[in-house]
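Structure data follow from upload10.pdb (PDB, C-alpha atoms and all ligand atoms):
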```
ATOM      1  CA  MET A 141     -53.141  -3.172 -92.954  1.00  0.00           C
ATOM      2  CA  THR A 142     -54.424  -1.607 -96.175  1.00  0.00           C
ATOM      3  CA  TYR A 143     -56.714  -3.204 -98.757  1.00  0.00           C
ATOM      4  CA  PRO A 144     -54.453  -4.068-101.730  1.00  0.00           C
ATOM      5  CA  THR A 145     -56.541  -2.141-104.262  1.00  0.00           C
ATOM      6  CA  GLU A 146     -57.718   1.468-104.323  1.00  0.00           C
ATOM      7  CA  LYS A 147     -61.341   0.560-104.878  1.00  0.00           C
ATOM      8  CA  LYS A 148     -62.798  -2.074-102.569  1.00  0.00           C
ATOM      9  CA  TYR A 149     -63.403  -4.708-105.227  1.00  0.00           C
ATOM     10  CA  PRO A 150     -65.540  -7.610-104.018  1.00  0.00           C
ATOM     11  CA  ILE A 151     -64.135 -10.712-102.365  1.00  0.00           C
ATOM     12  CA  THR A 152     -65.289 -13.640-104.491  1.00  0.00           C
ATOM     13  CA  GLN A 153     -63.698 -16.341-102.397  1.00  0.00           C
ATOM     14  CA  ASP A 154     -63.100 -15.847 -98.711  1.00  0.00           C
ATOM     15  CA  TYR A 155     -60.467 -17.277 -96.407  1.00  0.00           C
ATOM     16  CA  GLY A 156     -61.073 -20.779 -95.066  1.00  0.00           C
ATOM     17  CA  ILE A 157     -63.246 -23.647 -96.178  1.00  0.00           C
ATOM     18  CA  THR A 158     -65.641 -22.468 -98.890  1.00  0.00           C
ATOM     19  CA  GLU A 159     -67.917 -24.213-101.389  1.00  0.00           C
ATOM     20  CA  THR A 160     -65.164 -23.955-103.982  1.00  0.00           C
ATOM     21  CA  THR A 161     -62.499 -25.596-101.840  1.00  0.00           C
ATOM     22  CA  LYS A 162     -64.964 -28.367-100.932  1.00  0.00           C
ATOM     23  CA  LEU A 163     -65.827 -29.003-104.572  1.00  0.00           C
ATOM     24  CA  ARG A 164     -62.436 -28.708-106.112  1.00  0.00           C
ATOM     25  CA  GLY A 165     -60.085 -30.186-103.555  1.00  0.00           C
ATOM     26  CA  GLU A 166     -57.125 -28.966-105.567  1.00  0.00           C
ATOM     27  CA  GLU A 167     -53.693 -30.003-104.435  1.00  0.00           C
ATOM     28  CA  ILE A 168     -53.093 -26.560-102.969  1.00  0.00           C
ATOM     29  CA  TYR A 169     -56.252 -26.733-100.864  1.00  0.00           C
ATOM     30  CA  SER A 170     -55.564 -30.222 -99.594  1.00  0.00           C
ATOM     31  CA  PHE A 171     -52.162 -28.985 -98.420  1.00  0.00           C
ATOM     32  CA  PHE A 172     -54.015 -26.433 -96.274  1.00  0.00           C
ATOM     33  CA  ASP A 173     -56.583 -28.980 -95.028  1.00  0.00           C
ATOM     34  CA  LYS A 174     -59.051 -27.829 -97.702  1.00  0.00           C
ATOM     35  CA  LYS A 175     -58.798 -24.229 -96.532  1.00  0.00           C
ATOM     36  CA  HIS A 176     -58.445 -21.416 -99.039  1.00  0.00           C
ATOM     37  CA  PRO A 177     -55.342 -19.839 -97.456  1.00  0.00           C
ATOM     38  CA  GLY A 178     -56.181 -16.312 -98.618  1.00  0.00           C
ATOM     39  CA  ILE A 179     -58.890 -14.196-100.197  1.00  0.00           C
ATOM     40  CA  ASP A 180     -59.737 -13.678-103.873  1.00  0.00           C
ATOM     41  CA  ILE A 181     -60.601 -10.176-105.016  1.00  0.00           C
ATOM     42  CA  ALA A 182     -62.321  -9.899-108.414  1.00  0.00           C
ATOM     43  CA  LEU A 183     -60.949  -7.058-110.534  1.00  0.00           C
ATOM     44  CA  PRO A 184     -60.155  -6.171-114.131  1.00  0.00           C
ATOM     45  CA  ILE A 185     -56.752  -7.142-115.552  1.00  0.00           C
ATOM     46  CA  GLY A 186     -54.276  -4.289-115.146  1.00  0.00           C
ATOM     47  CA  THR A 187     -55.703  -2.921-111.885  1.00  0.00           C
ATOM     48  CA  PRO A 188     -52.949  -1.362-109.717  1.00  0.00           C
ATOM     49  CA  VAL A 189     -52.065  -3.502-106.688  1.00  0.00           C
ATOM     50  CA  TYR A 190     -50.669  -1.815-103.576  1.00  0.00           C
ATOM     51  CA  ALA A 191     -48.609  -3.205-100.668  1.00  0.00           C
ATOM     52  CA  SER A 192     -50.904  -3.949 -97.727  1.00  0.00           C
ATOM     53  CA  LEU A 193     -48.004  -3.447 -95.317  1.00  0.00           C
ATOM     54  CA  GLY A 194     -44.553  -1.917 -95.666  1.00  0.00           C
ATOM     55  CA  GLY A 195     -41.749  -4.478 -95.981  1.00  0.00           C
ATOM     56  CA  ILE A 196     -39.109  -6.144 -98.150  1.00  0.00           C
ATOM     57  CA  VAL A 197     -39.898  -7.740-101.511  1.00  0.00           C
ATOM     58  CA  VAL A 198     -38.503 -11.237-100.940  1.00  0.00           C
ATOM     59  CA  SER A 199     -39.746 -13.077-103.979  1.00  0.00           C
ATOM     60  CA  ILE A 200     -41.058 -12.558-107.489  1.00  0.00           C
ATOM     61  CA  GLU A 201     -41.803 -15.687-109.466  1.00  0.00           C
ATOM     62  CA  TYR A 202     -43.999 -17.623-111.852  1.00  0.00           C
ATOM     63  CA  HIS A 203     -45.723 -20.150-109.606  1.00  0.00           C
ATOM     64  CA  ARG A 204     -47.680 -23.121-110.952  1.00  0.00           C
ATOM     65  CA  GLY A 205     -50.597 -22.444-108.596  1.00  0.00           C
ATOM     66  CA  MET A 206     -50.582 -18.655-108.276  1.00  0.00           C
ATOM     67  CA  GLY A 207     -49.159 -17.544-111.625  1.00  0.00           C
ATOM     68  CA  LYS A 208     -47.058 -14.403-111.405  1.00  0.00           C
ATOM     69  CA  VAL A 209     -46.644 -13.885-107.697  1.00  0.00           C
ATOM     70  CA  LEU A 210     -44.899 -11.312-105.510  1.00  0.00           C
ATOM     71  CA  ARG A 211     -44.172 -11.801-101.812  1.00  0.00           C
ATOM     72  CA  ILE A 212     -43.320  -9.163 -99.217  1.00  0.00           C
ATOM     73  CA  ARG A 213     -41.968  -9.815 -95.708  1.00  0.00           C
ATOM     74  CA  THR A 214     -42.878  -7.553 -92.810  1.00  0.00           C
ATOM     75  CA  GLY A 215     -41.108  -8.869 -89.702  1.00  0.00           C
ATOM     76  CA  ASN A 216     -42.559 -12.348 -89.184  1.00  0.00           C
ATOM     77  CA  LEU A 217     -45.359 -11.770 -91.698  1.00  0.00           C
ATOM     78  CA  LEU A 218     -45.287 -12.739 -95.354  1.00  0.00           C
ATOM     79  CA  HIS A 219     -47.924 -11.259 -97.646  1.00  0.00           C
ATOM     80  CA  ILE A 220     -48.531 -12.790-101.022  1.00  0.00           C
ATOM     81  CA  TYR A 221     -50.082 -11.305-104.169  1.00  0.00           C
ATOM     82  CA  GLY A 222     -51.007 -13.871-106.837  1.00  0.00           C
ATOM     83  CA  HIS A 223     -52.236 -14.147-110.475  1.00  0.00           C
ATOM     84  CA  LEU A 224     -50.537 -10.840-111.340  1.00  0.00           C
ATOM     85  CA  ASP A 225     -49.933  -9.450-114.805  1.00  0.00           C
ATOM     86  CA  SER A 226     -46.761  -7.408-114.213  1.00  0.00           C
ATOM     87  CA  PHE A 227     -44.431  -6.339-111.422  1.00  0.00           C
ATOM     88  CA  ASN A 228     -43.417  -2.811-110.417  1.00  0.00           C
ATOM     89  CA  LYS A 229     -40.818  -3.882-107.855  1.00  0.00           C
ATOM     90  CA  ASP A 230     -37.628  -5.902-107.737  1.00  0.00           C
ATOM     91  CA  PHE A 231     -36.054  -8.424-105.341  1.00  0.00           C
ATOM     92  CA  GLY A 232     -34.971  -6.834-102.070  1.00  0.00           C
ATOM     93  CA  ASP A 233     -36.842  -3.563-102.653  1.00  0.00           C
ATOM     94  CA  ILE A 234     -38.151  -1.875 -99.515  1.00  0.00           C
ATOM     95  CA  VAL A 235     -41.768  -0.833-100.000  1.00  0.00           C
ATOM     96  CA  GLU A 236     -44.086   1.370 -97.995  1.00  0.00           C
ATOM     97  CA  GLU A 237     -47.637   0.446 -97.082  1.00  0.00           C
ATOM     98  CA  GLY A 238     -49.887   1.574 -99.949  1.00  0.00           C
ATOM     99  CA  GLU A 239     -47.088   1.690-102.532  1.00  0.00           C
ATOM    100  CA  LEU A 240     -47.752   0.419-106.073  1.00  0.00           C
ATOM    101  CA  ILE A 241     -46.164  -3.033-106.403  1.00  0.00           C
ATOM    102  CA  ALA A 242     -47.836  -4.678-109.397  1.00  0.00           C
ATOM    103  CA  ARG A 243     -50.734  -4.840-111.846  1.00  0.00           C
ATOM    104  CA  SER A 244     -53.345  -7.525-111.414  1.00  0.00           C
ATOM    105  CA  GLY A 245     -53.796 -10.218-114.040  1.00  0.00           C
ATOM    106  CA  ASP A 246     -55.149 -13.648-114.801  1.00  0.00           C
ATOM    107  CA  THR A 247     -51.972 -15.780-114.798  1.00  0.00           C
ATOM    108  CA  VAL A 248     -52.609 -19.434-113.852  1.00  0.00           C
ATOM    109  CA  SER A 249     -56.127 -18.695-112.670  1.00  0.00           C
ATOM    110  CA  TRP A 250     -58.977 -21.167-113.208  1.00  0.00           C
ATOM    111  CA  THR A 251     -61.707 -18.578-112.877  1.00  0.00           C
ATOM    112  CA  ALA A 252     -62.251 -14.936-113.813  1.00  0.00           C
ATOM    113  CA  PRO A 253     -59.412 -12.408-113.307  1.00  0.00           C
ATOM    114  CA  HIS A 254     -58.741 -11.918-109.614  1.00  0.00           C
ATOM    115  CA  LEU A 255     -56.062 -11.099-107.091  1.00  0.00           C
ATOM    116  CA  HIS A 256     -55.233 -13.837-104.614  1.00  0.00           C
ATOM    117  CA  PHE A 257     -54.092 -12.145-101.391  1.00  0.00           C
ATOM    118  CA  GLU A 258     -52.653 -14.176 -98.570  1.00  0.00           C
ATOM    119  CA  ILE A 259     -50.849 -13.448 -95.317  1.00  0.00           C
ATOM    120  CA  ARG A 260     -48.768 -15.898 -93.274  1.00  0.00           C
ATOM    121  CA  ASP A 261     -47.083 -15.895 -89.891  1.00  0.00           C
ATOM    122  CA  LEU A 262     -43.552 -17.210 -90.485  1.00  0.00           C
ATOM    123  CA  SER A 263     -42.936 -17.668 -86.764  1.00  0.00           C
ATOM    124  CA  VAL A 264     -45.407 -20.575 -86.723  1.00  0.00           C
ATOM    125  CA  TRP A 265     -43.589 -23.866 -87.156  1.00  0.00           C
ATOM    126  CA  GLU A 266     -46.198 -25.846 -89.147  1.00  0.00           C
ATOM    127  CA  VAL A 267     -46.425 -24.467 -92.690  1.00  0.00           C
ATOM    128  CA  GLN A 268     -50.121 -25.438 -92.907  1.00  0.00           C
ATOM    129  CA  GLU A 269     -50.868 -23.354 -89.813  1.00  0.00           C
ATOM    130  CA  ARG A 270     -49.171 -20.194 -91.059  1.00  0.00           C
ATOM    131  CA  PRO A 271     -51.909 -18.520 -93.144  1.00  0.00           C
ATOM    132  CA  PHE A 272     -54.513 -16.495 -91.249  1.00  0.00           C
ATOM    133  CA  LYS A 273     -57.585 -14.503 -92.186  1.00  0.00           C
ATOM    134  CA  PRO A 274     -56.537 -11.012 -93.299  1.00  0.00           C
ATOM    135  CA  GLU A 275     -58.250  -8.081 -91.598  1.00  0.00           C
ATOM    136  CA  PHE A 276     -57.976  -4.678 -93.203  1.00  0.00           C
ATOM    137  CA  LYS A 277     -57.936  -2.117 -90.444  1.00  0.00           C
ATOM    138  CA  ASP A 278     -55.546   0.510 -89.122  1.00  0.00           C
ATOM    139  CA  GLY A 279     -52.273  -0.713 -87.711  1.00  0.00           C
ATOM    140  CA  LEU A 280     -50.377  -3.961 -87.913  1.00  0.00           C
ATOM    141  CA  PRO A 281     -52.044  -7.379 -87.535  1.00  0.00           C
ATOM    142  CA  VAL A 282     -51.963  -8.779 -83.972  1.00  0.00           C
ATOM    143  CA  GLN A 283     -49.744 -11.597 -85.261  1.00  0.00           C
ATOM    144  CA  TYR A 284     -46.975  -9.120 -86.177  1.00  0.00           C
ATOM    145  CA  LYS A 285     -43.576  -9.414 -84.518  1.00  0.00           C
ATOM    146  CA  LYS A 286     -40.602  -7.262 -85.452  1.00  0.00           C
ATOM    147  CA  GLU A 287     -38.299 -10.264 -85.292  1.00  0.00           C
ATOM    148  CA  PHE A 288     -38.518 -14.036 -85.160  1.00  0.00           C
ATOM    149  CA  GLU A 289     -36.233 -17.016 -84.824  1.00  0.00           C
ATOM    150  CA  TYR A 290     -35.763 -19.335 -87.759  1.00  0.00           C
ATOM    151  CA  VAL A 291     -34.593 -22.868 -86.955  1.00  0.00           C
ATOM    152  CA  CYS A 292     -32.666 -24.474 -89.823  1.00  0.00           C
ATOM    153  CA  ASN A 293     -34.253 -27.771 -90.745  1.00  0.00           C
ATOM    154  CA  HIS A 294     -32.532 -28.667 -93.998  1.00  0.00           C
ATOM    155  CA  ASN A 295     -29.379 -27.811 -95.929  1.00  0.00           C
ATOM    156  CA  GLU A 296     -29.471 -24.031 -95.981  1.00  0.00           C
ATOM    157  CA  ALA A 297     -26.508 -21.700 -96.081  1.00  0.00           C
ATOM    158  CA  ILE A 298     -26.370 -18.060 -94.985  1.00  0.00           C
ATOM    159  CA  ILE A 299     -26.757 -17.076 -98.634  1.00  0.00           C
ATOM    160  CA  ASP A 300     -30.037 -19.038 -98.914  1.00  0.00           C
ATOM    161  CA  LEU A 301     -31.467 -17.318 -95.837  1.00  0.00           C
ATOM    162  CA  ALA A 302     -30.347 -13.933 -97.191  1.00  0.00           C
ATOM    163  CA  ILE A 303     -32.309 -14.505-100.403  1.00  0.00           C
ATOM    164  CA  LYS A 304     -35.295 -16.052 -98.632  1.00  0.00           C
ATOM    165  CA  TYR A 305     -35.782 -13.299 -96.039  1.00  0.00           C
ATOM    166  CA  TYR A 306     -34.156 -10.221 -97.611  1.00  0.00           C
ATOM    167  CA  GLY A 307     -34.710 -10.920-101.317  1.00  0.00           C
ATOM    168  CA  ARG A 308     -31.055 -10.636-102.302  1.00  0.00           C
ATOM    169  CA  GLU A 309     -27.520 -11.789-101.416  1.00  0.00           C
ATOM    170  CA  GLU A 310     -26.730  -8.509 -99.644  1.00  0.00           C
ATOM    171  CA  GLY A 311     -29.216  -9.574 -96.992  1.00  0.00           C
ATOM    172  CA  LYS A 312     -26.380 -11.613 -95.513  1.00  0.00           C
ATOM    173  CA  ASN A 313     -25.031  -8.362 -94.005  1.00  0.00           C
ATOM    174  CA  GLN A 314     -28.207  -8.003 -91.923  1.00  0.00           C
ATOM    175  CA  LEU A 315     -28.001 -11.665 -90.940  1.00  0.00           C
ATOM    176  CA  LEU A 316     -24.384 -11.276 -89.759  1.00  0.00           C
ATOM    177  CA  GLU A 317     -25.199  -8.080 -87.918  1.00  0.00           C
ATOM    178  CA  ASN A 318     -28.034  -9.738 -85.991  1.00  0.00           C
ATOM    179  CA  ASN A 319     -26.331 -13.111 -85.524  1.00  0.00           C
ATOM    180  CA  SER A 320     -22.647 -12.527 -84.750  1.00  0.00           C
ATOM    181  CA  PHE A 321     -21.937 -16.293 -84.537  1.00  0.00           C
ATOM    182  CA  LEU A 322     -22.545 -16.515 -88.301  1.00  0.00           C
ATOM    183  CA  ARG A 323     -19.526 -14.302 -89.056  1.00  0.00           C
ATOM    184  CA  ASP A 324     -17.137 -17.271 -88.795  1.00  0.00           C
ATOM    185  CA  ILE A 325     -19.151 -19.456 -91.176  1.00  0.00           C
ATOM    186  CA  HIS A 326     -18.708 -19.400 -94.954  1.00  0.00           C
ATOM    187  CA  SER A 327     -21.835 -17.965 -96.514  1.00  0.00           C
ATOM    188  CA  HIS A 328     -22.267 -20.931 -98.899  1.00  0.00           C
ATOM    189  CA  LYS A 329     -21.701 -23.686 -96.320  1.00  0.00           C
ATOM    190  CA  PRO A 330     -24.915 -25.396 -95.152  1.00  0.00           C
ATOM    191  CA  LEU A 331     -25.730 -24.545 -91.541  1.00  0.00           C
ATOM    192  CA  GLU A 332     -26.218 -27.346 -89.069  1.00  0.00           C
ATOM    193  CA  ILE A 333     -29.774 -28.560 -88.615  1.00  0.00           C
ATOM    194  CA  GLY A 334     -31.214 -26.874 -85.554  1.00  0.00           C
ATOM    195  CA  THR A 335     -29.144 -23.695 -85.909  1.00  0.00           C
ATOM    196  CA  LYS A 336     -31.250 -20.762 -84.682  1.00  0.00           C
ATOM    197  CA  VAL A 337     -31.050 -17.592 -86.737  1.00  0.00           C
ATOM    198  CA  LEU A 338     -32.642 -14.313 -85.730  1.00  0.00           C
ATOM    199  CA  ILE A 339     -34.505 -12.678 -88.611  1.00  0.00           C
ATOM    200  CA  ILE A 340     -35.333  -8.970 -88.244  1.00  0.00           C
TER
HETATM  201 ZN    ZN B 401     -57.196 -17.641-104.023  1.00  0.00          ZN
END
```

The structure in this file should be written as structure tokens.
Amino acid sequence: MTYPTEKKYPITQDYGITETTKLRGEEIYSFFDKKHPGIDIALPIGTPVYASLGGIVVSIEYHRGMGKVLRIRTGNLLHIYGHLDSFNKDFGDIVEEGELIARSGDTVSWTAPHLHFEIRDLSVWEVQERPFKPEFKDGLPVQYKKEFEYVCNHNEAIIDLAIKYYGREEGKNQLLENNSFLRDIHSHKPLEIGTKVLII
């Protein structure tokens, strides 16, 4: 897993419970039991940001906690790049490790310009337990799995899962290919709670 910037800019807030998360107790931290779920890298606005792992761009949005944010899925892993200035990729794009994805910024940040980088294991059931400490070394993180099973727990249709895990509607083709039982279900009809869907 590659460092998301060319130069190794300093980490100003590490993963886990730090002085800042103790002091601030922001809503986002309390959700993660006062843990900072990622790392903050201090850098000038406009610094190129590169994909730490190859994967699919599954979301690009303006988030009230992380500003302009881009998320990439690699198997069961979701890596998140926050407080960006601009995006170089689109929904559903396939990116290589080390590819330019965005420029860093200062959107919805309470401190100096920085990149919030976070990685989560989507195969873990409890959302709060998903983030883990990123380690930048050769190869994939030990948590990586090529595929994982998603268990529907609220009203989600095939189309919702396509957008959530493949970034665009066309992702439904992959879902149908890997889950033949879905072929008889209308793509906009909510799936039954407890339905297990293989995500690759
Ligand atoms: Zn952060």

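Among the candidates A:Met141, A:Met206, A:Val198, A:Ile333, the one nearest to Tyr284 of chain A when counting all atoms listed in the file is A:Met141.
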
- Would you kindly translate the PyMOL selection byres (((chain A and resi 265-279) around 6) and not hetatm) into the concrete residues it picks from this file, as a list of chain:residue names? A:Met141, A:Thr142, A:Tyr143, A:Tyr155, A:Phe172, A:Pro177, A:Ile259, A:Arg260, A:Asp261, A:Val264, A:Leu280

Counting all atoms listed in the file, which residues of chain A fall within 8 Å of ligand ZN 401 (chain B), and what is the closest atom pair for each with its distance in Å at one decimal, ordered by chain and rising number, as CSV?
```
residue,atom,partner,partner_atom,distance
A:Gln153,CA,B:ZN401,ZN,6.8
A:His176,CA,B:ZN401,ZN,6.4
A:Pro177,CA,B:ZN401,ZN,7.2
A:Gly178,CA,B:ZN401,ZN,5.7
A:Ile179,CA,B:ZN401,ZN,5.4
A:Asp180,CA,B:ZN401,ZN,4.7
A:Met206,CA,B:ZN401,ZN,7.9
A:Gly222,CA,B:ZN401,ZN,7.8
A:Leu255,CA,B:ZN401,ZN,7.3
A:His256,CA,B:ZN401,ZN,4.3
A:Phe257,CA,B:ZN401,ZN,6.8
A:Glu258,CA,B:ZN401,ZN,7.9
```

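Against the coordinates shown, the PyMOL selection byres (((chain A and resi 295-307) around 8) and not hetatm) returns Ile196, Val197, Val198, Ser199, Arg213, Phe231, Gly232, Asp233, Cys292, Asn293, His294, Arg308, Glu309, Glu310, Gly311, Lys312, Leu315, Leu322, His326, Ser327, His328, Lys329, Pro330, Leu331, Glu332, Ile333 and Ile339 of chain A.
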
query: Using all atoms listed in the file, which residues sit within 7 Å of His254 of chain A once same-chain residues fewer than 6 positions away are excluded, as a PyMOL selection string?
result: chain A and resi 180-183+223+245-246

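Note on the selection: in this file the PyMOL selection byres (((chain A and resi 185) around 6) and not hetatm) comes out as Pro184, Gly186, Thr187, Ser244 and Gly245 of chain A.
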
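Picture a line from atom CA of Ala191 of chain A to atom CA of Val337 of chain A; it runs 26.6 Å.
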
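Atom CA of Glu289 of chain A sits 9.0 Å away from atom CA of Asn216 of chain A.
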
Near-Glu239 of chain A list (10 Å; all atoms listed in the file; drop same-chain fewer than 3 positions) as a ChimeraX atom specification
/A:144,188-194,228-229,235-236,242

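Note that atom CA of Thr214 of chain A and atom CA of Lys286 of chain A are 7.7 Å apart.
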
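Nearest residue to Asn319 of chain A among A:His203, A:His219, A:Lys336, A:Lys285 is A:Lys336, counting only C-alpha atoms.
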
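The residue that comes closest to Thr145 of chain A, out of A:Glu287, A:Glu237, A:Asp324, A:Glu317 and on the basis of all atoms listed in the file, is A:Glu237.
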
Report as lines of an AutoDock Vina configuration file the centre and the edge lengths, in Å to one decimal, of the axis-aligned box holding every listed atom of segment 273-290 of chain A, padded by 3 Å on each side.
```
center_x = -47.0
center_y = -9.4
center_z = -88.6
size_x = 28.5
size_y = 25.8
size_z = 15.3
```

If you count all atoms listed in the file, the residue of A:Leu316, A:Leu218, A:Ile325, A:Leu224 closest to Ser249 of chain A turns out to be A:Leu224
